[in-house]
Amino acid sequence: MTLLLTPFYARGARQVAQDLLGKRLVRLLDGRRLSGRIVEAEAYCDAAEPDLACHGDRANRGRPTPRTAVMFGPPGFAYVYFTYGMHWMFNVITGPDGQANAVLIRALEPEEGIELMQARRSKRPLSQLTNGPARLAQALAIDRALNGAHLCDPHGVIWIEDAPPAPPDAICSGPRIGLGKTPEPWRSMPWRYWIHGNKFVSR
DNA sequence: AGCACGATTAACT
DNA sequence: GTTAATCGTGCTC
């Protein structure tokens, strides 16, 4: 059981997003493991490239704000933010310290603690437990308390474990979801990655 | 101090 | 396919 460490995260967001497919996101809640394999992820702001879809680039002329401060910090930490007045989104920080690079985890294939996750999700069927960024956050009890959490701490409450990667020829890519008003070309850049045919992908 | 809106979801028709 | 829910954030006045 190997925990992914800083060097894994300290790379380009698009590379990390693809390499995260197949890895296991683990949440320790009241001593119990809730987990799932990552099957869908999106890259936001790779290296120093501009990305007007990225919170770090869009707000405050690309400078940190209280909300986005974690994004500008070192890799291997969690960036958790609140949106639509009710939903939490879980990201991992990638790239070098000082750049607002991140990967949004969009969907998991549930593995451990399924009953507990279902209890947290109004007993929804397995297929609708963690197939969306806000859904998986609810299932794994991810909220503002985990913003800034270190994912490389073996005594922490959330981390990502090594697991067999998705075969390269099974990785699909396409435009990111929900960008709405984001200008081109970023709106259409194919920086969303998922495992071909996996039924837990959000769409 | 006020306001428009969002890296979404669930429940509608 | 459409829409309400719901509030923190960042921008403008």
# chains A, B, ... in the order shown; residues from 1 in each chain; ligands from 1
>>> interface_residues(of="chain C", to="chain A", cutoff="9 Å", atoms="only C-alpha atoms (C1' of nucleotides)", output="NGL selection string")
:C and (5-11)
>>> write_last_selection(atoms="N, CA and C atoms (P, O5', C5', C4', C3', O3' and C1' of nucleotides)", output="mmCIF file, in the first residue's frame")
data_model
loop_
_atom_site.group_PDB
_atom_site.id
_atom_site.type_symbol
_atom_site.label_atom_id
_atom_site.label_comp_id
_atom_site.auth_asym_id
_atom_site.auth_seq_id
_atom_site.Cartn_x
_atom_site.Cartn_y
_atom_site.Cartn_z
ATOM 1 P P DA C 5 -36.509 27.604 -5.179
ATOM 2 O "O5'" DA C 5 -35.252 26.850 -4.553
ATOM 3 C "C5'" DA C 5 -35.272 25.439 -4.425
ATOM 4 C "C4'" DA C 5 -33.925 24.967 -3.911
ATOM 5 C "C3'" DA C 5 -33.266 25.929 -2.927
ATOM 6 O "O3'" DA C 5 -32.746 25.204 -1.836
ATOM 7 C "C1'" DA C 5 -31.792 25.481 -4.709
ATOM 8 P P DT C 6 -32.624 25.958 -0.445
ATOM 9 O "O5'" DT C 6 -31.176 26.590 -0.533
ATOM 10 C "C5'" DT C 6 -30.051 25.732 -0.601
ATOM 11 C "C4'" DT C 6 -28.789 26.565 -0.721
ATOM 12 C "C3'" DT C 6 -28.837 27.850 0.128
ATOM 13 O "O3'" DT C 6 -27.586 28.049 0.747
ATOM 14 C "C1'" DT C 6 -28.397 28.397 -2.104
ATOM 15 P P DC C 7 -27.638 28.849 2.188
ATOM 16 O "O5'" DC C 7 -26.236 29.590 2.124
ATOM 17 C "C5'" DC C 7 -25.049 28.835 1.943
ATOM 18 C "C4'" DC C 7 -24.006 29.728 1.296
ATOM 19 C "C3'" DC C 7 -23.947 31.149 1.864
ATOM 20 O "O3'" DC C 7 -22.590 31.581 1.865
ATOM 21 C "C1'" DC C 7 -24.208 31.255 -0.417
ATOM 22 P P DG C 8 -21.779 31.618 3.222
ATOM 23 O "O5'" DG C 8 -20.269 31.518 2.720
ATOM 24 C "C5'" DG C 8 -19.841 30.340 2.063
ATOM 25 C "C4'" DG C 8 -18.877 30.678 0.958
ATOM 26 C "C3'" DG C 8 -17.857 31.754 1.285
ATOM 27 O "O3'" DG C 8 -16.631 31.372 0.691
ATOM 28 C "C1'" DG C 8 -19.172 32.458 -0.569
ATOM 29 P P DT C 9 -15.293 32.088 0.948
ATOM 30 O "O5'" DT C 9 -15.039 32.883 -0.396
ATOM 31 C "C5'" DT C 9 -15.111 32.186 -1.627
ATOM 32 C "C4'" DT C 9 -15.184 33.144 -2.768
ATOM 33 C "C3'" DT C 9 -14.208 34.324 -2.667
ATOM 34 O "O3'" DT C 9 -13.300 34.214 -3.732
ATOM 35 C "C1'" DT C 9 -16.365 35.022 -3.405
ATOM 36 P P DG C 10 -11.968 35.050 -3.783
ATOM 37 O "O5'" DG C 10 -12.340 36.168 -4.852
ATOM 38 C "C5'" DG C 10 -12.843 35.758 -6.118
ATOM 39 C "C4'" DG C 10 -13.435 36.932 -6.850
ATOM 40 C "C3'" DG C 10 -12.548 38.184 -6.844
ATOM 41 O "O3'" DG C 10 -12.702 38.806 -8.097
ATOM 42 C "C1'" DG C 10 -14.630 38.715 -5.932
ATOM 43 P P DC C 11 -11.615 39.843 -8.650
ATOM 44 O "O5'" DC C 11 -12.572 40.890 -9.376
ATOM 45 C "C5'" DC C 11 -13.770 40.407 -10.034
ATOM 46 C "C4'" DC C 11 -14.799 41.512 -10.084
ATOM 47 C "C3'" DC C 11 -14.214 42.923 -10.191
ATOM 48 O "O3'" DC C 11 -14.900 43.637 -11.186
ATOM 49 C "C1'" DC C 11 -15.712 42.808 -8.379
#
>>> closest_atom_pairs(of="chain A", to="chain B", cutoff="9 Å", atoms="only C-alpha atoms (C1' of nucleotides)", output="Markdown table")
| residue | atom | partner | partner_atom | distance |
| --- | --- | --- | --- | --- |
| A:Glu42 | CA | B:DA7 | C1' | 8.6 |
| A:Tyr44 | CA | B:DA7 | C1' | 8.9 |
| A:Ala53 | CA | B:DA7 | C1' | 7.8 |
| A:Cys54 | CA | B:DA7 | C1' | 8.0 |
| A:His55 | CA | B:DA7 | C1' | 8.6 |
| A:Thr83 | CA | B:DG6 | C1' | 6.0 |
| A:Tyr84 | CA | B:DG6 | C1' | 5.7 |
| A:Gly85 | CA | B:DG6 | C1' | 8.7 |
| A:Met86 | CA | B:DT8 | C1' | 8.6 |
| A:His87 | CA | B:DT8 | C1' | 6.8 |
| A:Met89 | CA | B:DA7 | C1' | 7.9 |
| A:Leu104 | CA | B:DA7 | C1' | 7.4 |
| A:Gly132 | CA | B:DT8 | C1' | 8.4 |
| A:Pro133 | CA | B:DT8 | C1' | 8.0 |
| A:Ala134 | CA | B:DT8 | C1' | 6.6 |
| A:Arg135 | CA | B:DT9 | C1' | 8.1 |
| A:Arg176 | CA | B:DA7 | C1' | 8.0 |
| A:Ile177 | CA | B:DA7 | C1' | 6.9 |
| A:Gly178 | CA | B:DA7 | C1' | 6.2 |
| A:Leu179 | CA | B:DA7 | C1' | 6.6 |
>>> write_last_selection(atoms="all heavy atoms", output="short mmCIF file (atom, residue, chain, number, x, y, z; two decimals), in the first residue's frame")
data_model
loop_
_atom_site.label_atom_id
_atom_site.label_comp_id
_atom_site.auth_asym_id
_atom_site.auth_seq_id
_atom_site.Cartn_x
_atom_site.Cartn_y
_atom_site.Cartn_z
N GLU A 42 -9.87 16.42 -14.20
CA GLU A 42 -9.64 17.55 -15.10
C GLU A 42 -8.44 18.35 -14.64
O GLU A 42 -8.28 18.60 -13.45
CB GLU A 42 -10.87 18.48 -15.14
CG GLU A 42 -12.04 17.90 -15.89
CD GLU A 42 -13.27 18.80 -15.86
OE1 GLU A 42 -13.24 19.82 -15.15
OE2 GLU A 42 -14.23 18.48 -16.55
N TYR A 44 -6.36 21.88 -14.44
CA TYR A 44 -6.55 23.33 -14.47
C TYR A 44 -5.21 24.01 -14.32
O TYR A 44 -4.54 23.86 -13.31
CB TYR A 44 -7.52 23.77 -13.36
CG TYR A 44 -8.95 23.45 -13.72
CD1 TYR A 44 -9.49 22.20 -13.42
CD2 TYR A 44 -9.71 24.35 -14.44
CE1 TYR A 44 -10.79 21.89 -13.80
CE2 TYR A 44 -11.01 24.05 -14.82
CZ TYR A 44 -11.54 22.82 -14.49
OH TYR A 44 -12.81 22.51 -14.88
N ALA A 53 -9.95 29.25 -17.34
CA ALA A 53 -10.98 28.47 -16.64
C ALA A 53 -10.57 28.22 -15.20
O ALA A 53 -11.38 27.81 -14.39
CB ALA A 53 -11.19 27.13 -17.34
N CYS A 54 -9.29 28.47 -14.90
CA CYS A 54 -8.74 28.14 -13.58
C CYS A 54 -9.01 29.27 -12.58
O CYS A 54 -8.78 30.44 -12.90
CB CYS A 54 -7.24 27.91 -13.72
SG CYS A 54 -6.39 27.58 -12.18
N HIS A 55 -9.50 28.93 -11.41
CA HIS A 55 -9.76 29.94 -10.38
C HIS A 55 -8.52 30.81 -10.14
O HIS A 55 -8.63 32.01 -9.97
CB HIS A 55 -10.14 29.28 -9.05
CG HIS A 55 -11.47 28.61 -9.09
ND1 HIS A 55 -11.91 27.78 -8.09
CD2 HIS A 55 -12.45 28.63 -10.01
CE1 HIS A 55 -13.12 27.34 -8.39
NE2 HIS A 55 -13.45 27.82 -9.55
N THR A 83 -19.25 25.78 -4.05
CA THR A 83 -19.85 26.46 -5.20
C THR A 83 -21.35 26.19 -5.29
O THR A 83 -21.86 25.26 -4.66
CB THR A 83 -19.16 26.05 -6.51
OG1 THR A 83 -19.58 26.91 -7.57
CG2 THR A 83 -19.47 24.61 -6.89
N TYR A 84 -22.05 26.97 -6.07
CA TYR A 84 -23.49 26.86 -6.28
C TYR A 84 -24.27 26.88 -4.96
O TYR A 84 -25.38 26.35 -4.89
CB TYR A 84 -23.84 25.60 -7.07
CG TYR A 84 -23.36 25.66 -8.50
CD1 TYR A 84 -22.27 24.91 -8.93
CD2 TYR A 84 -23.98 26.50 -9.42
CE1 TYR A 84 -21.82 24.98 -10.24
CE2 TYR A 84 -23.55 26.57 -10.73
CZ TYR A 84 -22.46 25.82 -11.13
OH TYR A 84 -22.03 25.89 -12.42
N GLY A 85 -23.66 27.46 -3.93
CA GLY A 85 -24.35 27.59 -2.67
C GLY A 85 -24.57 26.31 -1.92
O GLY A 85 -25.20 26.31 -0.86
N MET A 86 -24.04 25.18 -2.42
CA MET A 86 -24.30 23.91 -1.74
C MET A 86 -23.31 22.79 -2.01
O MET A 86 -23.39 21.76 -1.35
CB MET A 86 -25.69 23.41 -2.11
CG MET A 86 -25.84 23.10 -3.58
SD MET A 86 -27.53 22.76 -4.06
CE MET A 86 -28.10 24.42 -4.39
N HIS A 87 -22.40 22.97 -2.93
CA HIS A 87 -21.54 21.85 -3.32
C HIS A 87 -20.06 22.10 -3.02
O HIS A 87 -19.58 23.22 -3.15
CB HIS A 87 -21.68 21.55 -4.81
CG HIS A 87 -23.06 21.14 -5.20
ND1 HIS A 87 -23.74 20.12 -4.57
CD2 HIS A 87 -23.91 21.62 -6.14
CE1 HIS A 87 -24.92 19.98 -5.12
NE2 HIS A 87 -25.07 20.88 -6.07
N MET A 89 -16.04 20.86 -3.97
CA MET A 89 -15.23 20.26 -5.03
C MET A 89 -13.84 19.96 -4.48
O MET A 89 -13.24 20.80 -3.79
CB MET A 89 -15.08 21.23 -6.21
CG MET A 89 -16.37 21.73 -6.77
SD MET A 89 -17.17 20.53 -7.82
CE MET A 89 -18.87 21.00 -7.51
N LEU A 104 -8.90 18.65 -10.74
CA LEU A 104 -10.21 18.40 -10.13
C LEU A 104 -10.55 16.91 -10.28
O LEU A 104 -10.52 16.39 -11.39
CB LEU A 104 -11.28 19.24 -10.82
CG LEU A 104 -12.74 18.92 -10.47
CD1 LEU A 104 -13.05 19.30 -9.02
CD2 LEU A 104 -13.70 19.59 -11.43
N GLY A 132 -19.53 12.19 -9.96
CA GLY A 132 -19.63 13.63 -10.15
C GLY A 132 -18.85 14.28 -9.02
O GLY A 132 -18.76 13.71 -7.93
N PRO A 133 -18.27 15.45 -9.25
CA PRO A 133 -17.38 16.05 -8.26
C PRO A 133 -18.06 16.38 -6.93
O PRO A 133 -17.49 16.15 -5.86
CB PRO A 133 -16.87 17.32 -8.95
CG PRO A 133 -17.83 17.57 -10.06
CD PRO A 133 -18.36 16.25 -10.48
N ALA A 134 -19.29 16.89 -6.98
CA ALA A 134 -19.99 17.21 -5.73
C ALA A 134 -20.52 15.94 -5.07
O ALA A 134 -20.60 15.85 -3.85
CB ALA A 134 -21.14 18.18 -6.01
N ARG A 135 -20.86 14.95 -5.89
CA ARG A 135 -21.36 13.69 -5.34
C ARG A 135 -20.26 12.97 -4.57
O ARG A 135 -20.48 12.47 -3.47
CB ARG A 135 -21.89 12.82 -6.47
CG ARG A 135 -23.14 13.36 -7.11
CD ARG A 135 -23.51 12.61 -8.36
NE ARG A 135 -24.79 13.08 -8.90
CZ ARG A 135 -25.32 12.63 -10.03
NH1 ARG A 135 -24.70 11.72 -10.74
NH2 ARG A 135 -26.47 13.11 -10.44
N ARG A 176 -13.42 20.24 -20.78
CA ARG A 176 -13.82 20.19 -19.38
C ARG A 176 -15.30 20.57 -19.24
O ARG A 176 -15.86 21.25 -20.09
CB ARG A 176 -12.91 21.13 -18.57
CG ARG A 176 -11.48 20.64 -18.54
CD ARG A 176 -10.52 21.67 -18.00
NE ARG A 176 -10.37 22.82 -18.92
CZ ARG A 176 -9.55 23.84 -18.69
NH1 ARG A 176 -8.84 23.89 -17.59
NH2 ARG A 176 -9.47 24.82 -19.57
N ILE A 177 -15.89 20.12 -18.14
CA ILE A 177 -17.34 20.27 -17.94
C ILE A 177 -17.66 21.56 -17.20
O ILE A 177 -16.93 21.96 -16.29
CB ILE A 177 -17.87 19.08 -17.12
CG1 ILE A 177 -17.57 17.75 -17.81
CG2 ILE A 177 -19.36 19.23 -16.86
CD1 ILE A 177 -18.29 17.54 -19.10
N GLY A 178 -18.74 22.20 -17.61
CA GLY A 178 -19.30 23.29 -16.81
C GLY A 178 -18.57 24.60 -16.89
O GLY A 178 -18.68 25.42 -15.98
N LEU A 179 -17.84 24.84 -17.97
CA LEU A 179 -17.06 26.07 -18.02
C LEU A 179 -17.89 27.29 -18.43
O LEU A 179 -17.46 28.42 -18.24
CB LEU A 179 -15.86 25.90 -18.96
CG LEU A 179 -14.87 24.82 -18.51
CD1 LEU A 179 -13.55 24.96 -19.25
CD2 LEU A 179 -14.63 24.86 -17.01
#
>>> residues_around(residues="Ala69 (chain A)", least_positions_apart="5", cutoff="12 Å", atoms="only C-alpha atoms (C1' of nucleotides)", output="ChimeraX atom specification")
/A:55-57,59-60,62-64,74,77-81,93,97-101,147-148
>>> select_by_dssp(residues="region 69-125 of chain A", states="strand (DSSP E)", output="list in words")
Ala78, Tyr79, Val80, Tyr81, Phe82, Thr83, His87, Trp88, Met89, Phe90, Asn91, Val92, Ile93, Ala102, Val103, Leu104, Ile105, Arg106, Ala107, Leu108, Glu109, Pro110, Glu111 and Glu112 of chain A
>>> write_last_selection(atoms="N, CA and C atoms", output="PDB file, in the first residue's frame")
ATOM      1  N   ALA A  78      -4.631  19.472  -0.684  1.00  0.00           N
ATOM      2  CA  ALA A  78      -6.006  19.497  -1.178  1.00  0.00           C
ATOM      3  C   ALA A  78      -6.510  20.928  -1.298  1.00  0.00           C
ATOM      4  N   TYR A  79      -7.113  21.235  -2.436  1.00  0.00           N
ATOM      5  CA  TYR A  79      -7.837  22.495  -2.626  1.00  0.00           C
ATOM      6  C   TYR A  79      -9.307  22.133  -2.690  1.00  0.00           C
ATOM      7  N   VAL A  80     -10.057  22.526  -1.665  1.00  0.00           N
ATOM      8  CA  VAL A  80     -11.489  22.228  -1.594  1.00  0.00           C
ATOM      9  C   VAL A  80     -12.243  23.538  -1.590  1.00  0.00           C
ATOM     10  N   TYR A  81     -13.148  23.699  -2.541  1.00  0.00           N
ATOM     11  CA  TYR A  81     -13.903  24.949  -2.586  1.00  0.00           C
ATOM     12  C   TYR A  81     -15.398  24.674  -2.680  1.00  0.00           C
ATOM     13  N   PHE A  82     -16.158  25.706  -2.359  1.00  0.00           N
ATOM     14  CA  PHE A  82     -17.613  25.642  -2.258  1.00  0.00           C
ATOM     15  C   PHE A  82     -18.226  26.362  -3.449  1.00  0.00           C
ATOM     16  N   THR A  83     -19.253  25.780  -4.054  1.00  0.00           N
ATOM     17  CA  THR A  83     -19.852  26.459  -5.201  1.00  0.00           C
ATOM     18  C   THR A  83     -21.346  26.189  -5.292  1.00  0.00           C
ATOM     19  N   HIS A  87     -22.405  22.969  -2.934  1.00  0.00           N
ATOM     20  CA  HIS A  87     -21.540  21.851  -3.318  1.00  0.00           C
ATOM     21  C   HIS A  87     -20.060  22.096  -3.019  1.00  0.00           C
ATOM     22  N   TRP A  88     -19.356  21.009  -2.672  1.00  0.00           N
ATOM     23  CA  TRP A  88     -17.914  21.057  -2.450  1.00  0.00           C
ATOM     24  C   TRP A  88     -17.186  20.325  -3.567  1.00  0.00           C
ATOM     25  N   MET A  89     -16.035  20.863  -3.970  1.00  0.00           N
ATOM     26  CA  MET A  89     -15.228  20.262  -5.033  1.00  0.00           C
ATOM     27  C   MET A  89     -13.843  19.961  -4.476  1.00  0.00           C
ATOM     28  N   PHE A  90     -13.337  18.776  -4.829  1.00  0.00           N
ATOM     29  CA  PHE A  90     -12.037  18.343  -4.330  1.00  0.00           C
ATOM     30  C   PHE A  90     -11.000  18.352  -5.450  1.00  0.00           C
ATOM     31  N   ASN A  91      -9.917  19.088  -5.214  1.00  0.00           N
ATOM     32  CA  ASN A  91      -8.803  19.164  -6.172  1.00  0.00           C
ATOM     33  C   ASN A  91      -7.507  18.793  -5.472  1.00  0.00           C
ATOM     34  N   VAL A  92      -6.537  18.345  -6.259  1.00  0.00           N
ATOM     35  CA  VAL A  92      -5.184  18.165  -5.726  1.00  0.00           C
ATOM     36  C   VAL A  92      -4.282  19.200  -6.383  1.00  0.00           C
ATOM     37  N   ILE A  93      -3.396  19.783  -5.588  1.00  0.00           N
ATOM     38  CA  ILE A  93      -2.478  20.782  -6.111  1.00  0.00           C
ATOM     39  C   ILE A  93      -1.297  20.078  -6.766  1.00  0.00           C
ATOM     40  N   ALA A 102      -3.733  22.726 -10.634  1.00  0.00           N
ATOM     41  CA  ALA A 102      -4.545  21.790  -9.855  1.00  0.00           C
ATOM     42  C   ALA A 102      -5.241  20.791 -10.753  1.00  0.00           C
ATOM     43  N   VAL A 103      -5.680  19.701 -10.146  1.00  0.00           N
ATOM     44  CA  VAL A 103      -6.472  18.682 -10.844  1.00  0.00           C
ATOM     45  C   VAL A 103      -7.762  18.467 -10.058  1.00  0.00           C
ATOM     46  N   LEU A 104      -8.902  18.649 -10.735  1.00  0.00           N
ATOM     47  CA  LEU A 104     -10.208  18.396 -10.132  1.00  0.00           C
ATOM     48  C   LEU A 104     -10.549  16.914 -10.279  1.00  0.00           C
ATOM     49  N   ILE A 105     -10.847  16.256  -9.161  1.00  0.00           N
ATOM     50  CA  ILE A 105     -11.288  14.862  -9.212  1.00  0.00           C
ATOM     51  C   ILE A 105     -12.785  14.855  -9.454  1.00  0.00           C
ATOM     52  N   ARG A 106     -13.216  14.282 -10.581  1.00  0.00           N
ATOM     53  CA  ARG A 106     -14.620  14.356 -10.978  1.00  0.00           C
ATOM     54  C   ARG A 106     -15.414  13.092 -10.718  1.00  0.00           C
ATOM     55  N   ALA A 107     -14.760  11.943 -10.620  1.00  0.00           N
ATOM     56  CA  ALA A 107     -15.543  10.719 -10.407  1.00  0.00           C
ATOM     57  C   ALA A 107     -14.662   9.598  -9.882  1.00  0.00           C
ATOM     58  N   LEU A 108     -15.287   8.734  -9.075  1.00  0.00           N
ATOM     59  CA  LEU A 108     -14.620   7.566  -8.502  1.00  0.00           C
ATOM     60  C   LEU A 108     -15.439   6.319  -8.808  1.00  0.00           C
ATOM     61  N   GLU A 109     -14.728   5.188  -8.842  1.00  0.00           N
ATOM     62  CA  GLU A 109     -15.394   3.896  -8.836  1.00  0.00           C
ATOM     63  C   GLU A 109     -15.349   3.412  -7.390  1.00  0.00           C
ATOM     64  N   PRO A 110     -16.497   3.354  -6.689  1.00  0.00           N
ATOM     65  CA  PRO A 110     -16.494   3.050  -5.252  1.00  0.00           C
ATOM     66  C   PRO A 110     -15.840   1.714  -4.947  1.00  0.00           C
ATOM     67  N   GLU A 111     -15.053   1.669  -3.854  1.00  0.00           N
ATOM     68  CA  GLU A 111     -14.437   0.417  -3.438  1.00  0.00           C
ATOM     69  C   GLU A 111     -14.760   0.070  -1.990  1.00  0.00           C
ATOM     70  N   GLU A 112     -14.312   0.906  -1.056  1.00  0.00           N
ATOM     71  CA  GLU A 112     -14.483   0.578   0.364  1.00  0.00           C
ATOM     72  C   GLU A 112     -15.478   1.529   1.022  1.00  0.00           C
TER      73      GLU A 112
END
>>> closest_residue(among="A:Arg24, A:Met1, A:Glu184, A:Ala41", to="Asn131 (chain A)", atoms="only C-alpha atoms")
A:Ala41
>>> atom_distance(atom1="CA of Leu5 (chain A)", atom2="CA of Leu151 (chain A)")
7.9 Å
>>> atom_distance(atom1="CA of Ser173 (chain A)", atom2="CA of Arg192 (chain A)")
5.4 Å
>>> residues_around(residues="region 155-165 of chain A", least_positions_apart="2", cutoff="7 Å", atoms="only C-alpha atoms (C1' of nucleotides)", output="list of chain:residue names")
A:Met1, A:Thr2, A:Leu3, A:Leu4, A:Asp19, A:Leu21, A:Gly22, A:Lys23, A:Arg24, A:Leu25, A:Val26, A:Arg27, A:Leu28, A:Leu151, A:Cys152, A:Asp153, A:Pro167
>>> atom_distance(atom1="CA of Gln138 (chain A)", atom2="CA of Arg120 (chain A)")
6.7 Å
